[in-house]
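See structure below.
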Amino acid sequence: ETQGVSDTEVVFGSVNDLSGIFAAVGVPAVHGANLRFDEANAAGGVHGRMIRFVVEDNGYQIPRAMQGYNKLLNRDKVFGMLLSLGTPMNLAGFKLLDPKGIPNIGPLTAARDMLQEPMHNKFVGFSSYWDQVQEGVKYLAAEKGAKNICSMYLPTDFGKEIGDSTKDVVSTLGLTFAGETTHKPDELDFVGSLTKLKAAECDLITLALGVRQAITVVGTAKKLGWTDVMFLNTSAGFLDVVAAVPGGVTDGLYAAAGWVDLKSRADVPAVAKFMADYNAKYNQDAGGFSMLGYSAADTVVRALEAAGPDLTQESFIKGMETLEYRDELADAQITYGPDDHQGADEVMISVVENGEWKLLSRQ
Amino acid sequence: MSLLEIKNATLKFGGVVAVNDLSFSVEEGEVYAIVGPNGAGKSTVFNLISRFYDPYSGSISFDGANLLDRHADAVADLGIARTFQNIELFDHATVLQNLLVGRHRHRKSNMIQELLFTPRVRREEHVHREAVERVIDFLDLQPYRNKMIAGLPYGVRKVVELGRALASDPRLLLLDEPASGLSVEETQDMRWWIDDIRKQMGITVLMVEHDMGLVSGVSDRVLALADGAKLAEGTPAEVQADPAVIAAYLGTGAV
Amino acid sequence: MGQTVLEIKNLESFYGPIMAIRGVSLKVGQGQVVTVLGANGAGKSTLLKTISGIMEPEKGKILFEGEEIQGMEPHQIVNRGIVHVPEGREVFPLLSVDENLSLGAYTRNDRVEIERDRQMVFDYFPILAERRTQEAGTLSGGQQQMLAIGRGLMRRPKIMLLDEPSLGLSPLLVQEIFGILRRLNSDEHVTMMLVEQNARVALDLADVGYVMEIGRIVMEGSADRLMESEDIQAFYLGHQEQSQRGERRWKRKKTWR
Amino acid sequence: MRIHFKTSYENDIRLFPDRWSFFVYAALVAGAIILPWLLDDFFLGEVTNVLIWAIAGLGLMLLTGQTGQASLGHAAFLALGCYSCIILMEHGVPFLLAFPLAGVITGIFGTLFAIPAVRLHGIYLAIATMALSILADDIIVMLAPWTDGVSGKFAPTITIFGLEIERWTTPDRFYWLVLVVTILCTLAYRNLLRAPLGRAFAAVRDSEVSATAMGVHIAFTKAAAFGLSCAITGLAGALMGFYAGAFNNETFSVVISISLLMMIVIGGLGSIHGAFFGAIIIAFLPQALSMASDTIGGLLGANNVAIPGLETGVFGAILILFIMFEPMGIYGRWLKIRTWFELFPFARKDMFKRQKSYLKTERLR
Amino acid sequence: MDVLQLLVSGLANGCVYGLIALGFVLIYKATEAVNFAQGDLMMLGAFVTLGLTNAEYVGLPFWVAAPLSIALMALIGYLLDLLILRHLSGQSQTSVVILTIAMGFVLRFVAGAIWGHEPQTLHSPLALGDFQVAGVVLGMADMAVIVVTFLLTLFLYQFFQRTRLGLAMQAASQNQMAAYYMGIPVKRVQGMIWGLSGAVAAVAGILFASKGAIDPNAGLLGIKAFAAAVIGGFGSLPGALAGGLIVGVIEPFASRYLAAGYSQVAPYALLLFVLVFRPHGLFSQVRTKKV
Ligand SMILES: Nc1ncnc2c1ncn2[C@@H]1O[C@H](COP(=O)(O)OP(=O)(O)OP(=O)(O)O)[C@@H](O)[C@H]1O
Ligand SMILES: Nc1ncnc2c1ncn2[C@@H]1O[C@H](COP(=O)(O)OP(=O)(O)OP(=O)(O)O)[C@@H](O)[C@H]1O
Ligand SMILES: CC(C)C[C@H](N)C(=O)O
Ligand SMILES: [Mg+2]
Ligand SMILES: [Mg+2]
């Protein structure tokens, strides 16, 4: 008897941030996933099973997250976890998922730790921050001649991974790591840090900041007249609102992420349909994270299909490992295998032009 | 040697000279009263003895020891207890607890013992409680033993404050206007209490009071203060007869 | 007795479960001075607080100039001209003497008259003039009491509720204050309700007196009549055979109980 | 109505005022002990969580409720307790030693912090401690060689005399462990309250001037309160670490500090009961809301994230109502209900009506 | 040159902290309550303005929307007092602290529910254009913040010091009962101060939103404003401004000259440092009690 599965239903859970500092990520992602599951359920479910998706709000706090896990595992008896947000929360969750073999799919953090041993039950959808930075820096060094690389980051696992990756790629490429600054999530002025980095003659700065902060950083640099510097964001800041800041503030900002921006591809049918459905359902515009949620849910639906009517943890994981498809919505190739628990391996590099993200390159 | 000796004490608050080169001494076993117009510096003298204020100059000694060497919380250890003009009790505690805090200077146990509530702590508690019960009996506070201070009438609080000071078994008791706000009847009680405190318990009393009836009833010597300086000193009768005191403080008695 | 300005009917007040006023009725006539005597905890302060709206009565009526004012917000009651000089000073400790006095006249708008009244207060209590800018919290106890009374006068009340105005004042000042009250009453016809431990001066000033015990009025009468009562003499005026110290340490039983 | 006939001073000193209350508490403890056989893993986990919060609440209550010093920074001490316990264990110190040591270390650190902090009052202390709590996050990162910084640490399995205790695999054993700690902390708290130091705490809270005049050393007493409070909080922190299994610099955030203070205020400042009542509300209410929204969502066929953050919003609103209608905390309400029953049928219905009350400045010290 | 630039932008930022701190101090001065929701009120003020201004919502011209939202926020402040805080009249400060924290939760939820959680930018004319004086760059918004903050502080200071209502507010906070005895309508006065601080929050919000994007968690900035108010001496208006400026200025210098990982602790370390030497802030409002 596998927990979370009956003849008519399969339950997935998520410990997410719907009210805390990462609500701007968690909320659209959950919406996106729900959109996909609703479609699947409207189509009669998968092998006759309806998908129930239970989301617990953790407000980005570990104790709340632990309560969420307790409820999902011991009360709702979920079959698998999907789109759980936050690196520390996911890591804490592994302690109890692993012994029970419960799958953890598409966590909303691109930390490399999401594929730690035992890897058996863990799947991530897209490239890690680490890879994104590696590819981004390589590209900008090659194409735009960046030499003095710097980093601005939050003192969190997320920031640290980006900072460390920057240092790592800099040394592999034989460039200079010229300086770094750290910030608190509530910091709102970056004149000091930028002056410092300017004095260090940085020409490329990797960013691991809050969304709001990244916008301010780019704007401040312009204001200070420091124009010969490039900023590289990761998927954490790859949002439409960032591109759409009025006055062209963020023009020229780069981002390396695991997918291609939605808005610039609004004429692709899959994208257009998604955007329209999303808007109809939630009365909001879809963005990168809602797409991410949708894609992750799509992966799950496909895996459930592939697992066949006899659904167990093993059959599901087998199903996951056979997936290989093109995700039109994200414009990415998804492949999983017994040794490959990362769906898309590509890193797409985009830049803001005229208030929209424009794809520059795929790596 | 006097029990309490104040020599040439001066204290200013900005431009206000609250105590001005004041000297006096209190002998062991007497009741010594300070009178004087409002703002003469009487309470300030008490605060100097309690070490709440540092004098600008002068010295204060108690039983030969220099009080100025000590911190305010170490004054009680010497056996000096006091009451306050405007009542400073622990409002969110019962009368009993207030009186027990009075016993604090006799605490012998340490924190660890108290956390474990060792037999020693228990024994000490009994001793404290007995001492406090004696005070409760003495001051007739039985009906209020377990009442919160916050709901007690003014007069009762005055008595509780006296009780808290007594509970510490002091050698010197400082009373700041013990009878203010008390009715004639209660003032009468106060007078008997002060008598007994001195005679039966052997405690020296230094008090500030405006009720001349009480002052002349209980005190051996009276000091009249005005503008922080000595106006007159002597027996109650002498001071009351002093023309300067009458002019500055007592008035003619006609209402 | 002139017209009744303040009438209290069967008033009851509680502190949570504790009944502090147990059905008090009394009348205060225009221009009268009424004093309320009573032992500790009798409920005198509570009575005044209930009249001035600081406490809400549970039952009963308070009529001021014929209108019911029980249960009103205290500031509305002050606006009608009732001023309460509370027990225990209650000054604004971080404001200067001058500012405290200005607040006494908060409900008034006549600047010139206010300044005149301020001058009057300073004449009564010269020490306050000297300390105009001192923070009220650092005044001596008696000085604060003067300030509280002076502040009450700044309102130019129709009726003044005075709760132990002589508390902590020197004998000389007690005389002066009662002189001032007498003058206010006779010259300005301010009605007063006076709670005092110093029964002698209170009865001397008052027209009528009430005696409270445990929340009830147990005795009432003209000040002169009360002055003569043996009980009053024994318990409030200190007329006992106690000329020598230390005798008679038993308590006399109150006959009205 | 129960009437106590007191025949000896001992009546006021002993732990239970009468036999009845002894039975009540004995029954409570007995019930607590057999709980794992009555509840499923989910509820057992939640009860464990409530108890851990209650221990932390006791710690803060000692400081804020008893001594009148509000702290918005106790998460820092939770963190210290948690890290010290687990780092000690990683160095081979057995749990039975590491756990109390964690309390001691946190207590000592709390006392050190108190040395400058005892001069602060009210909001100044609250904000200073809050700053400490914010700094703790950065300090953990700076001390990465010990704390593993942002990557965080995993809690090892506890072994006591060969018995393995782990939150997820042996939830019942972990619960009993927490229960024992809870009972011990509660007893220590009670003992303190009936001893001189406890009274000195209350004295410092109500009037520093007269406490000084009675010979209470203000700085020492406050520092002692800080130390004890932090020690208990440290123990709770260690348990929280084991409960979460993994933790890093973000685990004990300032939000946790704030929740702790909320908890004791809502429970009722100054009482042991208050810490427990508050823990039930703060730790269990979000979960209850989540369960409720599942049910309601299920009934309406709607999704449980129809309005994101709703649970937090409702949680906030419920807290507001709690405080509006019972500013003295749940314990205050509890006392009223009890009095009502004890007086039955003589209680007046408006007996518990709040008489108007008036504040005076706290800017005078 | 660097130094001057750092100083100037530090001042501009400090003024934002100062503005929020003014809100705390106003309420504290008049009620001795500490409003932990002030940061969230600022956030709400910013969002209300954004909602009225931005084209995708109401789309009013900025100069109409701004005063309108200031008025609206004043109303909201007043209503918060009327509907919630008034029930706690006379209760302990700690309960009010908890209550306002909970209010912050609700405000954040409401803002999130209405405007979503993604950062948004206010279409403000203040956001555009920079000044350049002697090589130092200063945005319009920065200028506006500095000017408005100084004027507002001055105005509020005068209000408390000179007007009868200001005095009454101070009186009400020091001794509520005595304030009633003076005929001061304490509750109404407190409602007014909540309204006033709602308005101040709106001003802060508008200026803040002109400097960058906002989201429902923007109110967390309030924590730093607390540090500012406490450094200044909680309850002192000039202190709030001074504290804000100190925190604001220390930040850019710390990030410029300190190593990464240490710079962001500067404001809080400074706070603790100041409190060690001045336990009640620079302009201390705490007095020893005379007994
Ligand atoms: N902290 C202070 N700042 C300024 N002046 C002060 C301070 N404390 C006391 N004073 C002044 O010092 C003088 C003496 O005050 P003190 O309280 O000793 O008077 P007192 O003799 O006790 O009078 P009372 O009988 O009215 O209580 C008064 O004029 C008072 O205003
Ligand atoms: N805040 C309170 N809470 C509970 N009970 C109170 C409170 N204040 C007063 N009481 C009770 O109400 C009764 C009347 O008190 P009140 O202060 O009116 O007495 P009083 O006659 O003015 O006494 P005093 O002469 O001491 O001023 C007292 O028995 C007192 O215990
Ligand atoms: C979605 C992400 C921005 C979350 C963040 N990276 C984290 O690790 O928690
Ligand atoms: Mg005095
Ligand atoms: Mg009274």
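Residue names in the structure tokens use chain letters A, B, ... in the order shown, residue numbers from 1 in each chain, and ligand numbers from 1 in the order shown.
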Write as a PyMOL selection string the residues around ligand 3, taking 7 Å as the cut-off and counting only C-alpha atoms and all ligand atoms. chain A and resi 22+25+85-88+108-111+157-158+236
Contacts from chain D to chain A, 6 Å maximum, only C-alpha atoms: show me the residue list as a PyMOL selection string. chain D and resi 42+150-151+245-246+251+308-309
For the residues in the current selection, export all heavy atoms as an mmCIF file, in the first residue's frame.
data_model
loop_
_atom_site.group_PDB
_atom_site.id
_atom_site.type_symbol
_atom_site.label_atom_id
_atom_site.label_comp_id
_atom_site.auth_asym_id
_atom_site.auth_seq_id
_atom_site.Cartn_x
_atom_site.Cartn_y
_atom_site.Cartn_z
ATOM 1 N N PHE D 42 0.948 12.435 13.376
ATOM 2 C CA PHE D 42 0.772 13.847 13.046
ATOM 3 C C PHE D 42 0.522 14.670 14.310
ATOM 4 O O PHE D 42 1.237 15.617 14.599
ATOM 5 C CB PHE D 42 -0.385 14.025 12.068
ATOM 6 C CG PHE D 42 -0.830 15.451 11.929
ATOM 7 C CD1 PHE D 42 -0.015 16.382 11.313
ATOM 8 C CD2 PHE D 42 -2.061 15.863 12.426
ATOM 9 C CE1 PHE D 42 -0.417 17.700 11.195
ATOM 10 C CE2 PHE D 42 -2.459 17.175 12.305
ATOM 11 C CZ PHE D 42 -1.640 18.093 11.689
ATOM 12 N N VAL D 150 25.908 29.120 5.852
ATOM 13 C CA VAL D 150 24.630 29.043 5.168
ATOM 14 C C VAL D 150 24.250 27.618 4.780
ATOM 15 O O VAL D 150 23.081 27.332 4.557
ATOM 16 C CB VAL D 150 24.632 29.927 3.908
ATOM 17 C CG1 VAL D 150 24.838 31.375 4.284
ATOM 18 C CG2 VAL D 150 25.710 29.481 2.942
ATOM 19 N N SER D 151 25.232 26.739 4.695
ATOM 20 C CA SER D 151 24.876 25.361 4.306
ATOM 21 C C SER D 151 24.128 24.660 5.425
ATOM 22 O O SER D 151 23.332 23.766 5.175
ATOM 23 C CB SER D 151 26.119 24.553 3.972
ATOM 24 O OG SER D 151 27.102 25.388 3.439
ATOM 25 N N GLY D 245 15.602 18.882 12.426
ATOM 26 C CA GLY D 245 16.504 17.950 11.768
ATOM 27 C C GLY D 245 17.622 18.649 11.031
ATOM 28 O O GLY D 245 18.731 18.184 11.005
ATOM 29 N N ALA D 246 17.320 19.768 10.389
ATOM 30 C CA ALA D 246 18.344 20.527 9.693
ATOM 31 C C ALA D 246 18.103 21.996 9.968
ATOM 32 O O ALA D 246 16.968 22.413 10.113
ATOM 33 C CB ALA D 246 18.278 20.267 8.190
ATOM 34 N N THR D 251 17.347 29.751 10.084
ATOM 35 C CA THR D 251 16.326 29.025 10.843
ATOM 36 C C THR D 251 15.762 29.850 11.996
ATOM 37 O O THR D 251 14.558 29.953 12.176
ATOM 38 C CB THR D 251 16.919 27.717 11.394
ATOM 39 O OG1 THR D 251 17.452 26.984 10.309
ATOM 40 C CG2 THR D 251 15.851 26.909 12.079
ATOM 41 N N PRO D 308 -3.604 33.489 -1.758
ATOM 42 C CA PRO D 308 -2.324 33.160 -1.135
ATOM 43 C C PRO D 308 -2.100 33.986 0.127
ATOM 44 O O PRO D 308 -2.428 35.172 0.172
ATOM 45 C CB PRO D 308 -1.289 33.519 -2.198
ATOM 46 C CG PRO D 308 -2.021 34.087 -3.339
ATOM 47 C CD PRO D 308 -3.466 34.076 -3.078
ATOM 48 N N GLY D 309 -1.544 33.339 1.147
ATOM 49 C CA GLY D 309 -1.251 34.054 2.373
ATOM 50 C C GLY D 309 -2.458 34.242 3.258
ATOM 51 O O GLY D 309 -2.367 34.880 4.306
#
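Going from CA of Ile218 (chain D) to CA of Gly239 (chain E) covers 28.3 Å.
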Would you please extract all strand (DSSP E) residues from region 25-163 of chain C, as assigned by DSSP on the backbone, and give them as a PyMOL selection string? chain C and resi 25-29+33-38+57-64+67-68+82-85+159-163
Extract the full set of helix (DSSP H, G or I) residues from region 44-201 of chain D according to DSSP on the backbone, and format it as number ranges by chain. D: 44-66, 74-90, 95-117, 122-142, 144-147, 149-151, 171-193, 196-201
With the cut-off set at 10 Å and counting only C-alpha atoms and all ligand atoms, tabulate each residue of chain E with an atom at most that distance from an atom of ligand 1, showing the nearest atom pair and its distance in Å to one decimal, ordered by chain and increasing number, as JSON lines.
{"residue": "E:Arg287", "atom": "CA", "partner": "ligand 1", "partner_atom_place_in_ligand_line": "1 (N)", "distance": 9.0}
{"residue": "E:Thr288", "atom": "CA", "partner": "ligand 1", "partner_atom_place_in_ligand_line": "1 (N)", "distance": 7.8}
{"residue": "E:Lys289", "atom": "CA", "partner": "ligand 1", "partner_atom_place_in_ligand_line": "1 (N)", "distance": 8.0}
{"residue": "E:Lys290", "atom": "CA", "partner": "ligand 1", "partner_atom_place_in_ligand_line": "1 (N)", "distance": 6.1}
{"residue": "E:Val291", "atom": "CA", "partner": "ligand 1", "partner_atom_place_in_ligand_line": "17 (O)", "distance": 7.5}
Compile a residue-level contact table for chain C against chain D at a cut-off of 9 Å, reporting for every qualifying residue the shortest atom pair and its distance in Å to one decimal, with only C-alpha atoms counted, rows ordered by chain and ascending number, as a Markdown table.
| residue | atom | partner | partner_atom | distance |
| --- | --- | --- | --- | --- |
| C:Phe14 | CA | D:Gln355 | CA | 7.8 |
| C:Tyr15 | CA | D:Gln355 | CA | 6.4 |
| C:Gly16 | CA | D:Met351 | CA | 5.5 |
| C:Pro17 | CA | D:Met351 | CA | 5.1 |
| C:Ile18 | CA | D:Met351 | CA | 8.6 |
| C:Ile54 | CA | D:Lys356 | CA | 7.1 |
| C:Met55 | CA | D:Lys356 | CA | 6.1 |
| C:Glu56 | CA | D:Gln355 | CA | 7.1 |
| C:Glu58 | CA | D:Asp350 | CA | 9.0 |
| C:Pro93 | CA | D:Leu364 | CA | 8.4 |
| C:Leu94 | CA | D:Leu364 | CA | 8.6 |
| C:Gly137 | CA | D:Leu364 | CA | 8.8 |
Hey, which residues come within 10 Å of ligand 2 if we count only C-alpha atoms and all ligand atoms? Could you give them as a PyMOL selection string? (chain B and resi 144+147-158+181-183) or (chain C and resi 13-21+36-50+87-88+163-164+195-197+212-215) or (chain D and resi 355-357)
Show which residues sit within 9 Å of His123 (chain E), as number ranges by chain. Count only C-alpha atoms, and ignore same-chain residues fewer than 5 positions away. A: 246; E: 50, 53-55, 62, 209-210
Chain E contacts on chain D, only C-alpha atoms, 9 Å, as a PyMOL selection string: chain D and resi 70+116-117+119-125+127-132+134-135+138+141-142+209+258+261-262+265-266+307-310+312-321+323-325+327-329+356-365
Using only C-alpha atoms, which residues of chain B come within 7 Å of chain E, and what is the closest atom pair for each, with the distance in Å to one decimal? Give it as CSV, sorted by chain and residue number.
residue,atom,partner,partner_atom,distance
B:Phe84,CA,E:Val291,CA,6.5
B:Gln85,CA,E:Val291,CA,6.8
B:Asn86,CA,E:Val291,CA,6.9
Could you list, as a PyMOL selection string, every residue of chain B that has an atom within 6 Å of an atom of chain D, counting only C-alpha atoms? chain B and resi 73-74+76+90+102+105+114-115+117
Restricting it to all heavy atoms, dump the selection as a PDB file, in the first residue's frame.
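Okay, this is what ended up in result-v1.pdb:
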ATOM      1  N   ASP B  73      22.098  49.803  46.547  1.00  0.00           N
ATOM      2  CA  ASP B  73      21.535  48.527  46.988  1.00  0.00           C
ATOM      3  C   ASP B  73      22.288  47.953  48.179  1.00  0.00           C
ATOM      4  O   ASP B  73      21.829  47.008  48.804  1.00  0.00           O
ATOM      5  CB  ASP B  73      21.536  47.535  45.821  1.00  0.00           C
ATOM      6  CG  ASP B  73      22.873  47.511  45.132  1.00  0.00           C
ATOM      7  OD1 ASP B  73      23.811  46.978  45.728  1.00  0.00           O
ATOM      8  OD2 ASP B  73      22.980  48.063  44.020  1.00  0.00           O
ATOM      9  N   ALA B  74      23.458  48.520  48.482  1.00  0.00           N
ATOM     10  CA  ALA B  74      24.218  48.003  49.613  1.00  0.00           C
ATOM     11  C   ALA B  74      23.862  48.736  50.902  1.00  0.00           C
ATOM     12  O   ALA B  74      24.315  48.373  51.986  1.00  0.00           O
ATOM     13  CB  ALA B  74      25.710  48.121  49.337  1.00  0.00           C
ATOM     14  N   ALA B  76      20.893  48.920  52.259  1.00  0.00           N
ATOM     15  CA  ALA B  76      19.987  48.088  53.045  1.00  0.00           C
ATOM     16  C   ALA B  76      20.755  47.065  53.881  1.00  0.00           C
ATOM     17  O   ALA B  76      20.366  46.753  55.001  1.00  0.00           O
ATOM     18  CB  ALA B  76      19.000  47.369  52.124  1.00  0.00           C
ATOM     19  N   PHE B  90       5.471  47.276  45.208  1.00  0.00           N
ATOM     20  CA  PHE B  90       5.448  46.416  44.029  1.00  0.00           C
ATOM     21  C   PHE B  90       3.986  46.117  43.732  1.00  0.00           C
ATOM     22  O   PHE B  90       3.374  45.253  44.338  1.00  0.00           O
ATOM     23  CB  PHE B  90       6.263  45.154  44.296  1.00  0.00           C
ATOM     24  CG  PHE B  90       7.621  45.464  44.846  1.00  0.00           C
ATOM     25  CD1 PHE B  90       8.028  45.011  46.086  1.00  0.00           C
ATOM     26  CD2 PHE B  90       8.504  46.259  44.124  1.00  0.00           C
ATOM     27  CE1 PHE B  90       9.282  45.322  46.591  1.00  0.00           C
ATOM     28  CE2 PHE B  90       9.757  46.577  44.624  1.00  0.00           C
ATOM     29  CZ  PHE B  90      10.139  46.104  45.866  1.00  0.00           C
ATOM     30  N   GLY B 102      11.055  42.663  51.487  1.00  0.00           N
ATOM     31  CA  GLY B 102      11.750  43.370  52.557  1.00  0.00           C
ATOM     32  C   GLY B 102      12.821  42.498  53.214  1.00  0.00           C
ATOM     33  O   GLY B 102      13.811  42.996  53.734  1.00  0.00           O
ATOM     34  N   ARG B 105      17.486  41.303  52.211  1.00  0.00           N
ATOM     35  CA  ARG B 105      18.873  41.440  52.664  1.00  0.00           C
ATOM     36  C   ARG B 105      19.296  40.266  53.542  1.00  0.00           C
ATOM     37  O   ARG B 105      20.471  40.107  53.851  1.00  0.00           O
ATOM     38  CB  ARG B 105      19.069  42.771  53.393  1.00  0.00           C
ATOM     39  CG  ARG B 105      18.593  42.825  54.825  1.00  0.00           C
ATOM     40  CD  ARG B 105      18.880  44.205  55.364  1.00  0.00           C
ATOM     41  NE  ARG B 105      18.522  44.355  56.763  1.00  0.00           N
ATOM     42  CZ  ARG B 105      19.410  44.344  57.756  1.00  0.00           C
ATOM     43  NH1 ARG B 105      20.681  44.132  57.500  1.00  0.00           N
ATOM     44  NH2 ARG B 105      19.005  44.534  58.994  1.00  0.00           N
ATOM     45  N   GLU B 114      17.942  27.654  44.961  1.00  0.00           N
ATOM     46  CA  GLU B 114      16.550  28.072  44.836  1.00  0.00           C
ATOM     47  C   GLU B 114      15.860  27.377  43.669  1.00  0.00           C
ATOM     48  O   GLU B 114      14.681  27.056  43.742  1.00  0.00           O
ATOM     49  CB  GLU B 114      16.482  29.597  44.700  1.00  0.00           C
ATOM     50  CG  GLU B 114      16.870  30.267  45.999  1.00  0.00           C
ATOM     51  CD  GLU B 114      16.885  31.787  45.922  1.00  0.00           C
ATOM     52  OE1 GLU B 114      16.380  32.350  44.941  1.00  0.00           O
ATOM     53  OE2 GLU B 114      17.414  32.397  46.862  1.00  0.00           O
ATOM     54  N   LEU B 115      16.613  27.160  42.593  1.00  0.00           N
ATOM     55  CA  LEU B 115      16.015  26.449  41.456  1.00  0.00           C
ATOM     56  C   LEU B 115      15.606  25.039  41.878  1.00  0.00           C
ATOM     57  O   LEU B 115      14.594  24.509  41.425  1.00  0.00           O
ATOM     58  CB  LEU B 115      17.015  26.349  40.307  1.00  0.00           C
ATOM     59  CG  LEU B 115      17.181  27.595  39.450  1.00  0.00           C
ATOM     60  CD1 LEU B 115      18.297  27.394  38.446  1.00  0.00           C
ATOM     61  CD2 LEU B 115      15.882  27.896  38.722  1.00  0.00           C
ATOM     62  N   PHE B 117      15.005  24.221  44.973  1.00  0.00           N
ATOM     63  CA  PHE B 117      14.252  24.392  46.221  1.00  0.00           C
ATOM     64  C   PHE B 117      14.716  23.365  47.261  1.00  0.00           C
ATOM     65  O   PHE B 117      13.951  22.544  47.760  1.00  0.00           O
ATOM     66  CB  PHE B 117      12.744  24.280  45.999  1.00  0.00           C
ATOM     67  CG  PHE B 117      11.985  25.178  46.941  1.00  0.00           C
ATOM     68  CD1 PHE B 117      11.918  26.533  46.716  1.00  0.00           C
ATOM     69  CD2 PHE B 117      11.356  24.665  48.064  1.00  0.00           C
ATOM     70  CE1 PHE B 117      11.239  27.365  47.589  1.00  0.00           C
ATOM     71  CE2 PHE B 117      10.680  25.497  48.944  1.00  0.00           C
ATOM     72  CZ  PHE B 117      10.617  26.845  48.695  1.00  0.00           C
TER      73      PHE B 117
END
Can you work out which residues are within 8 Å of ligand 4, considering only C-alpha atoms and all ligand atoms, and then hand them over as a PyMOL selection string? (chain B and resi 38-39+41-44+85+176-177+208) or (chain C and resi 140-142+168) or (chain E and resi 291)
Produce a file of the selected residues containing N, CA, C and O atoms, as a short mmCIF file (atom, residue, chain, number, x, y, z; two decimals), in the first residue's frame.
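Produced file again26.cif, reproduced below:
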data_model
loop_
_atom_site.label_atom_id
_atom_site.label_comp_id
_atom_site.auth_asym_id
_atom_site.auth_seq_id
_atom_site.Cartn_x
_atom_site.Cartn_y
_atom_site.Cartn_z
N ASN B 38 7.48 73.00 52.12
CA ASN B 38 7.55 72.15 50.93
C ASN B 38 8.71 72.60 50.07
O ASN B 38 8.88 73.78 49.81
N GLY B 39 9.50 71.63 49.67
CA GLY B 39 10.64 71.96 48.83
C GLY B 39 11.86 72.35 49.64
O GLY B 39 12.84 72.83 49.08
N GLY B 41 13.89 70.36 51.06
CA GLY B 41 14.99 69.43 50.83
C GLY B 41 14.94 68.22 51.72
O GLY B 41 15.91 67.46 51.81
N LYS B 42 13.81 67.99 52.35
CA LYS B 42 13.70 66.88 53.30
C LYS B 42 13.83 65.53 52.60
O LYS B 42 14.65 64.69 52.98
N SER B 43 13.03 65.36 51.56
CA SER B 43 13.10 64.08 50.85
C SER B 43 14.47 63.91 50.22
O SER B 43 14.98 62.80 50.10
N THR B 44 15.06 65.02 49.81
CA THR B 44 16.38 64.93 49.20
C THR B 44 17.40 64.40 50.20
O THR B 44 18.30 63.63 49.85
N GLN B 85 7.72 59.03 50.08
CA GLN B 85 6.66 60.01 50.25
C GLN B 85 5.43 59.65 49.43
O GLN B 85 4.32 59.77 49.89
N ASP B 176 9.29 58.76 55.27
CA ASP B 176 8.99 60.03 54.59
C ASP B 176 7.49 60.28 54.64
O ASP B 176 6.72 59.65 53.93
N GLU B 177 7.10 61.17 55.50
CA GLU B 177 5.69 61.53 55.71
C GLU B 177 4.81 60.31 55.97
O GLU B 177 3.89 60.04 55.20
N VAL B 208 10.35 62.32 58.27
CA VAL B 208 9.91 63.61 57.77
C VAL B 208 8.41 63.64 57.96
O VAL B 208 7.72 62.66 57.64
N SER C 140 9.13 68.87 44.39
CA SER C 140 8.92 68.14 45.64
C SER C 140 7.45 67.78 45.76
O SER C 140 6.60 68.34 45.06
N GLY C 141 7.17 66.83 46.64
CA GLY C 141 5.80 66.35 46.78
C GLY C 141 4.81 67.48 46.99
O GLY C 141 3.78 67.57 46.31
N GLY C 142 5.12 68.35 47.89
CA GLY C 142 4.21 69.44 48.20
C GLY C 142 4.07 70.41 47.03
O GLY C 142 2.97 70.90 46.74
N GLY C 168 0.35 66.22 52.12
CA GLY C 168 1.77 66.51 51.99
C GLY C 168 2.12 67.99 52.01
O GLY C 168 3.23 68.36 51.65
N VAL E 291 11.76 60.42 43.93
CA VAL E 291 10.96 59.80 44.98
C VAL E 291 10.99 60.63 46.25
O VAL E 291 11.83 61.49 46.40
#
